[in-house]
Amino acid sequence: MTVQFINAKRAAELIEDHTTVAIDGFIGFCLADDILGEIEERFKKEGHPRELSVVNVAGLGGDGKDRGINHFAHKGLMRRFLCSNLSLAPKLYPLIMDNAFPTFMIPQGVLSHMMRAIASRKPGVISQVGMKTFVDPRIDGGRINEAARESGDTIVELIRLHEEDYLFYPAFPLDVAIIKGSTADTKGNISMEKEALHLEQMEMAAAARNSGGIVMVQVDQVVEYGEIHPQKVVVPSTLVDYVITGKPENTGQHFIGDCRPIPSWCGDEKIPLDHIEPLPFDIHKVICRRSILQLHAGDFINLGIGISMGVSEVLNEEGLIEAISSSIESGVTGGVPAPGIATGAAYNPEAIVKQPDIFDFYDGGGIDFAALGAAEIDRHGNVNVSKFAGKVTGPGGFINITQGAKTVCFLGTFTAGKSDIRIEDGRLRIIQDGPYIKFKKDVEHITFSGHYSREKGTQTVLYITERAVFQLTEGGLTLIEIAPGIDLEEDILGKMEFRPLISPDLKVMEERLFRPQLLGLKL
């Protein structure tokens, strides 16, 4: 079939009811938002396409308001939803909680590898990623709402190979793949030179093509055949059916501010890293500082969203950013990770590799050090970041990262909610504590399994807050450090739903963490 050049409205008209649609993207990066917006408009006017089975690998929140998967927040548009993350999709939350359609979540790396499995017509993905978390069929089987439980659908099975337990995630055919590139030539070859990330565009296109489906690609521009260097072609024309040139406001690199591309994110320029503002001196900075005491020169690291993003800024401020190799599950390595809804990109990246490739390395144990957030922590060392307070965010790449890393640091404040906690003369002073307890007897959702980590016995796991540091030991959660100025009974044990083990060698956190001066670390 010769590649056809059409507009986004026509692309939406080509999607039939009851089909399986895979959409690529990472928050607002590599997101074909013109096509998604026209699907929404068509549904609002005609009631079609309807009853779609939708799959997306990473979170597709776009701007966290109206873009990305938020376009699909209409009852009847979806009949089934499979994803890894929904942290920036507020319009979908009510529908999921009201059981408008069955919703399933599995680890981001598994979904990324699933595109390869579908493309090569393998039966699915076999992995230990997800063992003893909510994904495990012995717990929830990745089912997020009651509609998923009532559907009878099984998206993951427990199997036994060589006397070990594994999870089997069955493959499924794709009818439509919607992906994003930078440039198409007039034959339909696709390049991604202006994108901040390279995801699984090739794998997703191949999966749809080998399923007998169609591939739609939104691009920023079209050039003559032969103008794209063959080494820059990411998706060859033989895998492309339709090319759509996006509008400036719905295409490009991201959806932040005025949407102008950031050249340092795609490697077109390098910026002086000393121009990056240091973190303000507060309890969040203390938490990040304590975590980097676990680092060694040459470590390959991963940083999650939230407080843990500040680790790279502390390393940069201390002049240590080049002593380690940072990475993001989007496939970006090196540089300084971008914050907020720009998560996934980095200033001055060393390399931008494909997302399924980076997850291969993660799953095999390639991460030396990982720092991630924690919404709830329990006595067993389990961590919940995927479902709490009536909100479903999903795990994203959290499960892949935390199960594969050699050292894992969960970073967060000791309590949640509005608080007034000050650092005065090298000591911590609690004026008003957060009203919500984060250290629960049992977490609501298991996103990291302390049981599984202890069984493996290959990880160092720390839980770092501004006032206390815990470690996962054979007996469970163990308190190993407290901050200067903190009362053990009143400020720590009195703010937990359980009494942790307490190390006989309980230490005071280093005072220099609570001073505004540079730490002067040498890795």
# chains A, B, ... in the order shown; residues from 1 in each chain; ligands from 1
call {"tool": "select_by_dssp", "arguments": {"residues": "region 31-106 of chain A", "states": "strand (DSSP E or B)", "output": "list in words"}}
result
Leu52, Ser53, Val54, Val55, Asn56, Lys75, Met78, Arg79, Arg80, Phe81, Leu82, Cys83, Thr103, Phe104 and Met105 of chain A
call {"tool": "write_last_selection", "arguments": {"atoms": "N, CA, C and O atoms", "output": "short mmCIF file (atom, residue, chain, number, x, y, z; two decimals), in the first residue's frame"}}
result
data_model
loop_
_atom_site.label_atom_id
_atom_site.label_comp_id
_atom_site.auth_asym_id
_atom_site.auth_seq_id
_atom_site.Cartn_x
_atom_site.Cartn_y
_atom_site.Cartn_z
N LEU A 52 -13.86 1.24 21.97
CA LEU A 52 -12.47 0.93 21.60
C LEU A 52 -11.76 0.26 22.76
O LEU A 52 -11.99 0.59 23.93
N SER A 53 -10.91 -0.69 22.43
CA SER A 53 -9.98 -1.26 23.42
C SER A 53 -8.67 -0.50 23.25
O SER A 53 -8.02 -0.60 22.21
N VAL A 54 -8.32 0.30 24.25
CA VAL A 54 -7.20 1.25 24.13
C VAL A 54 -6.01 0.77 24.94
O VAL A 54 -6.15 0.32 26.09
N VAL A 55 -4.83 0.87 24.34
CA VAL A 55 -3.58 0.48 25.00
C VAL A 55 -2.61 1.64 24.87
O VAL A 55 -2.41 2.18 23.78
N ASN A 56 -2.01 2.05 26.00
CA ASN A 56 -0.86 2.96 25.91
C ASN A 56 0.21 2.51 26.89
O ASN A 56 -0.07 2.02 27.97
N LYS A 75 -17.96 8.46 28.15
CA LYS A 75 -18.59 7.15 28.33
C LYS A 75 -19.03 6.61 26.97
O LYS A 75 -19.71 7.29 26.21
N MET A 78 -14.56 4.13 25.11
CA MET A 78 -13.72 2.97 25.40
C MET A 78 -14.54 1.83 25.99
O MET A 78 -15.48 2.06 26.75
N ARG A 79 -14.17 0.59 25.63
CA ARG A 79 -14.78 -0.59 26.25
C ARG A 79 -13.79 -1.31 27.14
O ARG A 79 -14.16 -2.16 27.95
N ARG A 80 -12.48 -0.96 27.02
CA ARG A 80 -11.43 -1.61 27.81
C ARG A 80 -10.19 -0.73 27.74
O ARG A 80 -9.90 -0.15 26.70
N PHE A 81 -9.47 -0.65 28.85
CA PHE A 81 -8.29 0.22 28.88
C PHE A 81 -7.15 -0.51 29.57
O PHE A 81 -7.30 -1.03 30.67
N LEU A 82 -6.00 -0.57 28.88
CA LEU A 82 -4.80 -1.19 29.42
C LEU A 82 -3.68 -0.17 29.33
O LEU A 82 -3.39 0.36 28.25
N CYS A 83 -3.03 0.11 30.47
CA CYS A 83 -1.99 1.12 30.50
C CYS A 83 -1.04 0.84 31.67
O CYS A 83 -1.18 -0.16 32.36
N THR A 103 -10.56 -1.45 33.58
CA THR A 103 -9.24 -0.82 33.49
C THR A 103 -8.20 -1.75 34.10
O THR A 103 -8.38 -2.24 35.23
N PHE A 104 -7.14 -1.97 33.35
CA PHE A 104 -6.04 -2.84 33.79
C PHE A 104 -4.73 -2.06 33.72
O PHE A 104 -4.54 -1.23 32.83
N MET A 105 -3.84 -2.36 34.65
CA MET A 105 -2.52 -1.74 34.62
C MET A 105 -1.44 -2.80 34.83
O MET A 105 -1.58 -3.66 35.69
#
call {"tool": "closest_residue", "arguments": {"among": "A:Asp505, A:Ala351, A:Gly365, A:Leu513", "to": "Glu424 (chain A)", "atoms": "only C-alpha atoms"}}
result
A:Leu513
call {"tool": "residues_around", "arguments": {"residues": "Pro516 (chain A)", "least_positions_apart": "2", "cutoff": "9 Å", "atoms": "only C-alpha atoms", "output": "short mmCIF file (atom, residue, chain, number, x, y, z; two decimals) with C-alpha atoms, in the first residue's frame"}}
result
data_model
loop_
_atom_site.label_atom_id
_atom_site.label_comp_id
_atom_site.auth_asym_id
_atom_site.auth_seq_id
_atom_site.Cartn_x
_atom_site.Cartn_y
_atom_site.Cartn_z
CA PHE A 281 17.33 24.69 51.33
CA ASP A 282 14.41 22.85 52.92
CA GLY A 426 21.58 22.08 61.98
CA ARG A 512 25.87 18.55 57.57
CA LEU A 513 22.70 17.45 55.78
CA PHE A 514 20.88 20.12 57.80
CA LEU A 518 27.64 22.36 50.19
CA LEU A 519 28.28 18.85 51.47
#
call {"tool": "residues_around", "arguments": {"residues": "Ala374 (chain A)", "least_positions_apart": "6", "cutoff": "8 Å", "atoms": "only C-alpha atoms", "output": "list in words"}}
result
Val383, Asn384, Val385, Phe410, Leu411 and Gly412 of chain A
call {"tool": "residues_around", "arguments": {"residues": "Gly485 (chain A)", "least_positions_apart": "2", "cutoff": "7 Å", "atoms": "only C-alpha atoms", "output": "ChimeraX atom specification"}}
result
/A:427-429,483,487
call {"tool": "write_last_selection", "arguments": {"atoms": "C-alpha atoms", "output": "mmCIF file, in the first residue's frame"}}
result
data_model
loop_
_atom_site.group_PDB
_atom_site.id
_atom_site.type_symbol
_atom_site.label_atom_id
_atom_site.label_comp_id
_atom_site.auth_asym_id
_atom_site.auth_seq_id
_atom_site.Cartn_x
_atom_site.Cartn_y
_atom_site.Cartn_z
ATOM 1 C CA ARG A 427 18.493 20.615 63.650
ATOM 2 C CA LEU A 428 14.950 19.812 62.617
ATOM 3 C CA ARG A 429 12.071 21.622 64.282
ATOM 4 C CA ALA A 483 17.319 13.534 62.511
ATOM 5 C CA ASP A 487 12.045 12.999 69.556
#
call {"tool": "atom_distance", "arguments": {"atom1": "CA of Val215 (chain A)", "atom2": "CA of Leu31 (chain A)"}}
result
14.3 Å
call {"tool": "decode", "arguments": {"residues": "region 75-90 of chain A", "atoms": "all heavy atoms", "output": "mmCIF file, in the first residue's frame"}}
result
data_model
loop_
_atom_site.group_PDB
_atom_site.id
_atom_site.type_symbol
_atom_site.label_atom_id
_atom_site.label_comp_id
_atom_site.auth_asym_id
_atom_site.auth_seq_id
_atom_site.Cartn_x
_atom_site.Cartn_y
_atom_site.Cartn_z
ATOM 1 N N LYS A 75 -17.960 8.461 28.152
ATOM 2 C CA LYS A 75 -18.589 7.153 28.326
ATOM 3 C C LYS A 75 -19.027 6.605 26.972
ATOM 4 O O LYS A 75 -19.709 7.291 26.209
ATOM 5 C CB LYS A 75 -19.787 7.263 29.269
ATOM 6 C CG LYS A 75 -20.351 5.931 29.705
ATOM 7 C CD LYS A 75 -21.395 6.092 30.811
ATOM 8 C CE LYS A 75 -20.752 6.470 32.134
ATOM 9 N NZ LYS A 75 -21.732 6.432 33.258
ATOM 10 N N GLY A 76 -18.601 5.387 26.679
ATOM 11 C CA GLY A 76 -18.932 4.760 25.416
ATOM 12 C C GLY A 76 -17.782 4.750 24.430
ATOM 13 O O GLY A 76 -17.761 3.931 23.503
ATOM 14 N N LEU A 77 -16.841 5.665 24.575
ATOM 15 C CA LEU A 77 -15.717 5.702 23.634
ATOM 16 C C LEU A 77 -14.810 4.487 23.844
ATOM 17 O O LEU A 77 -14.352 3.876 22.883
ATOM 18 C CB LEU A 77 -14.931 7.010 23.804
ATOM 19 C CG LEU A 77 -14.044 7.436 22.632
ATOM 20 C CD1 LEU A 77 -13.724 8.931 22.715
ATOM 21 C CD2 LEU A 77 -12.738 6.660 22.581
ATOM 22 N N MET A 78 -14.561 4.126 25.112
ATOM 23 C CA MET A 78 -13.715 2.968 25.396
ATOM 24 C C MET A 78 -14.544 1.832 25.989
ATOM 25 O O MET A 78 -15.478 2.062 26.751
ATOM 26 C CB MET A 78 -12.594 3.338 26.375
ATOM 27 C CG MET A 78 -11.508 4.196 25.771
ATOM 28 S SD MET A 78 -9.980 4.197 26.775
ATOM 29 C CE MET A 78 -10.422 5.331 28.078
ATOM 30 N N ARG A 79 -14.172 0.590 25.630
ATOM 31 C CA ARG A 79 -14.784 -0.587 26.247
ATOM 32 C C ARG A 79 -13.787 -1.312 27.145
ATOM 33 O O ARG A 79 -14.159 -2.159 27.950
ATOM 34 C CB ARG A 79 -15.317 -1.550 25.191
ATOM 35 C CG ARG A 79 -14.254 -2.197 24.313
ATOM 36 C CD ARG A 79 -14.860 -3.191 23.333
ATOM 37 N NE ARG A 79 -13.904 -3.648 22.337
ATOM 38 C CZ ARG A 79 -13.058 -4.661 22.530
ATOM 39 N NH1 ARG A 79 -13.064 -5.312 23.673
ATOM 40 N NH2 ARG A 79 -12.211 -5.009 21.577
ATOM 41 N N ARG A 80 -12.484 -0.964 27.024
ATOM 42 C CA ARG A 80 -11.429 -1.609 27.808
ATOM 43 C C ARG A 80 -10.189 -0.726 27.736
ATOM 44 O O ARG A 80 -9.905 -0.146 26.696
ATOM 45 C CB ARG A 80 -11.118 -2.996 27.227
ATOM 46 C CG ARG A 80 -10.174 -3.866 28.048
ATOM 47 C CD ARG A 80 -10.093 -5.228 27.361
ATOM 48 N NE ARG A 80 -9.342 -6.220 28.117
ATOM 49 C CZ ARG A 80 -8.043 -6.457 27.959
ATOM 50 N NH1 ARG A 80 -7.345 -5.757 27.068
ATOM 51 N NH2 ARG A 80 -7.431 -7.393 28.659
ATOM 52 N N PHE A 81 -9.470 -0.646 28.850
ATOM 53 C CA PHE A 81 -8.290 0.221 28.883
ATOM 54 C C PHE A 81 -7.152 -0.515 29.566
ATOM 55 O O PHE A 81 -7.298 -1.034 30.668
ATOM 56 C CB PHE A 81 -8.625 1.509 29.640
ATOM 57 C CG PHE A 81 -7.558 2.567 29.577
ATOM 58 C CD1 PHE A 81 -6.780 2.739 28.450
ATOM 59 C CD2 PHE A 81 -7.350 3.408 30.663
ATOM 60 C CE1 PHE A 81 -5.801 3.725 28.387
ATOM 61 C CE2 PHE A 81 -6.379 4.401 30.621
ATOM 62 C CZ PHE A 81 -5.600 4.559 29.480
ATOM 63 N N LEU A 82 -6.005 -0.571 28.884
ATOM 64 C CA LEU A 82 -4.798 -1.191 29.416
ATOM 65 C C LEU A 82 -3.679 -0.171 29.334
ATOM 66 O O LEU A 82 -3.392 0.357 28.249
ATOM 67 C CB LEU A 82 -4.437 -2.441 28.605
ATOM 68 C CG LEU A 82 -3.100 -3.115 28.947
ATOM 69 C CD1 LEU A 82 -3.087 -3.636 30.376
ATOM 70 C CD2 LEU A 82 -2.824 -4.258 27.965
ATOM 71 N N CYS A 83 -3.033 0.111 30.469
ATOM 72 C CA CYS A 83 -1.989 1.125 30.499
ATOM 73 C C CYS A 83 -1.043 0.842 31.666
ATOM 74 O O CYS A 83 -1.176 -0.163 32.362
ATOM 75 C CB CYS A 83 -2.594 2.519 30.636
ATOM 76 S SG CYS A 83 -3.469 2.778 32.200
ATOM 77 N N SER A 84 -0.099 1.756 31.890
ATOM 78 C CA SER A 84 0.795 1.614 33.036
ATOM 79 C C SER A 84 0.691 2.797 33.986
ATOM 80 O O SER A 84 1.072 2.683 35.154
ATOM 81 C CB SER A 84 2.251 1.478 32.565
ATOM 82 O OG SER A 84 2.740 2.707 32.063
ATOM 83 N N ASN A 85 0.172 3.940 33.499
ATOM 84 C CA ASN A 85 0.182 5.141 34.337
ATOM 85 C C ASN A 85 -0.926 6.103 33.914
ATOM 86 O O ASN A 85 -1.194 6.263 32.727
ATOM 87 C CB ASN A 85 1.547 5.828 34.228
ATOM 88 C CG ASN A 85 1.662 7.019 35.168
ATOM 89 O OD1 ASN A 85 1.331 8.127 34.801
ATOM 90 N ND2 ASN A 85 2.120 6.779 36.379
ATOM 91 N N LEU A 86 -1.533 6.756 34.921
ATOM 92 C CA LEU A 86 -2.597 7.727 34.667
ATOM 93 C C LEU A 86 -2.438 8.986 35.509
ATOM 94 O O LEU A 86 -3.414 9.655 35.817
ATOM 95 C CB LEU A 86 -3.962 7.103 34.976
ATOM 96 C CG LEU A 86 -4.565 6.180 33.925
ATOM 97 C CD1 LEU A 86 -5.816 5.530 34.471
ATOM 98 C CD2 LEU A 86 -4.884 6.951 32.654
ATOM 99 N N SER A 87 -1.193 9.320 35.865
ATOM 100 C CA SER A 87 -0.987 10.402 36.832
ATOM 101 C C SER A 87 -1.393 11.769 36.306
ATOM 102 O O SER A 87 -1.605 12.691 37.079
ATOM 103 C CB SER A 87 0.473 10.436 37.277
ATOM 104 O OG SER A 87 1.338 10.595 36.176
ATOM 105 N N LEU A 88 -1.497 11.947 34.998
ATOM 106 C CA LEU A 88 -1.890 13.239 34.439
ATOM 107 C C LEU A 88 -3.149 13.118 33.584
ATOM 108 O O LEU A 88 -3.297 13.811 32.592
ATOM 109 C CB LEU A 88 -0.740 13.822 33.613
ATOM 110 C CG LEU A 88 0.472 14.306 34.429
ATOM 111 C CD1 LEU A 88 1.638 14.615 33.509
ATOM 112 C CD2 LEU A 88 0.109 15.527 35.254
ATOM 113 N N ALA A 89 -4.034 12.231 34.011
ATOM 114 C CA ALA A 89 -5.280 12.023 33.260
ATOM 115 C C ALA A 89 -6.487 12.215 34.173
ATOM 116 O O ALA A 89 -7.284 11.291 34.376
ATOM 117 C CB ALA A 89 -5.290 10.639 32.632
ATOM 118 N N PRO A 90 -6.674 13.411 34.726
ATOM 119 C CA PRO A 90 -7.750 13.619 35.700
ATOM 120 C C PRO A 90 -9.148 13.397 35.143
ATOM 121 O O PRO A 90 -10.065 13.047 35.893
ATOM 122 C CB PRO A 90 -7.551 15.083 36.138
ATOM 123 C CG PRO A 90 -6.825 15.726 34.994
ATOM 124 C CD PRO A 90 -5.916 14.656 34.465
#
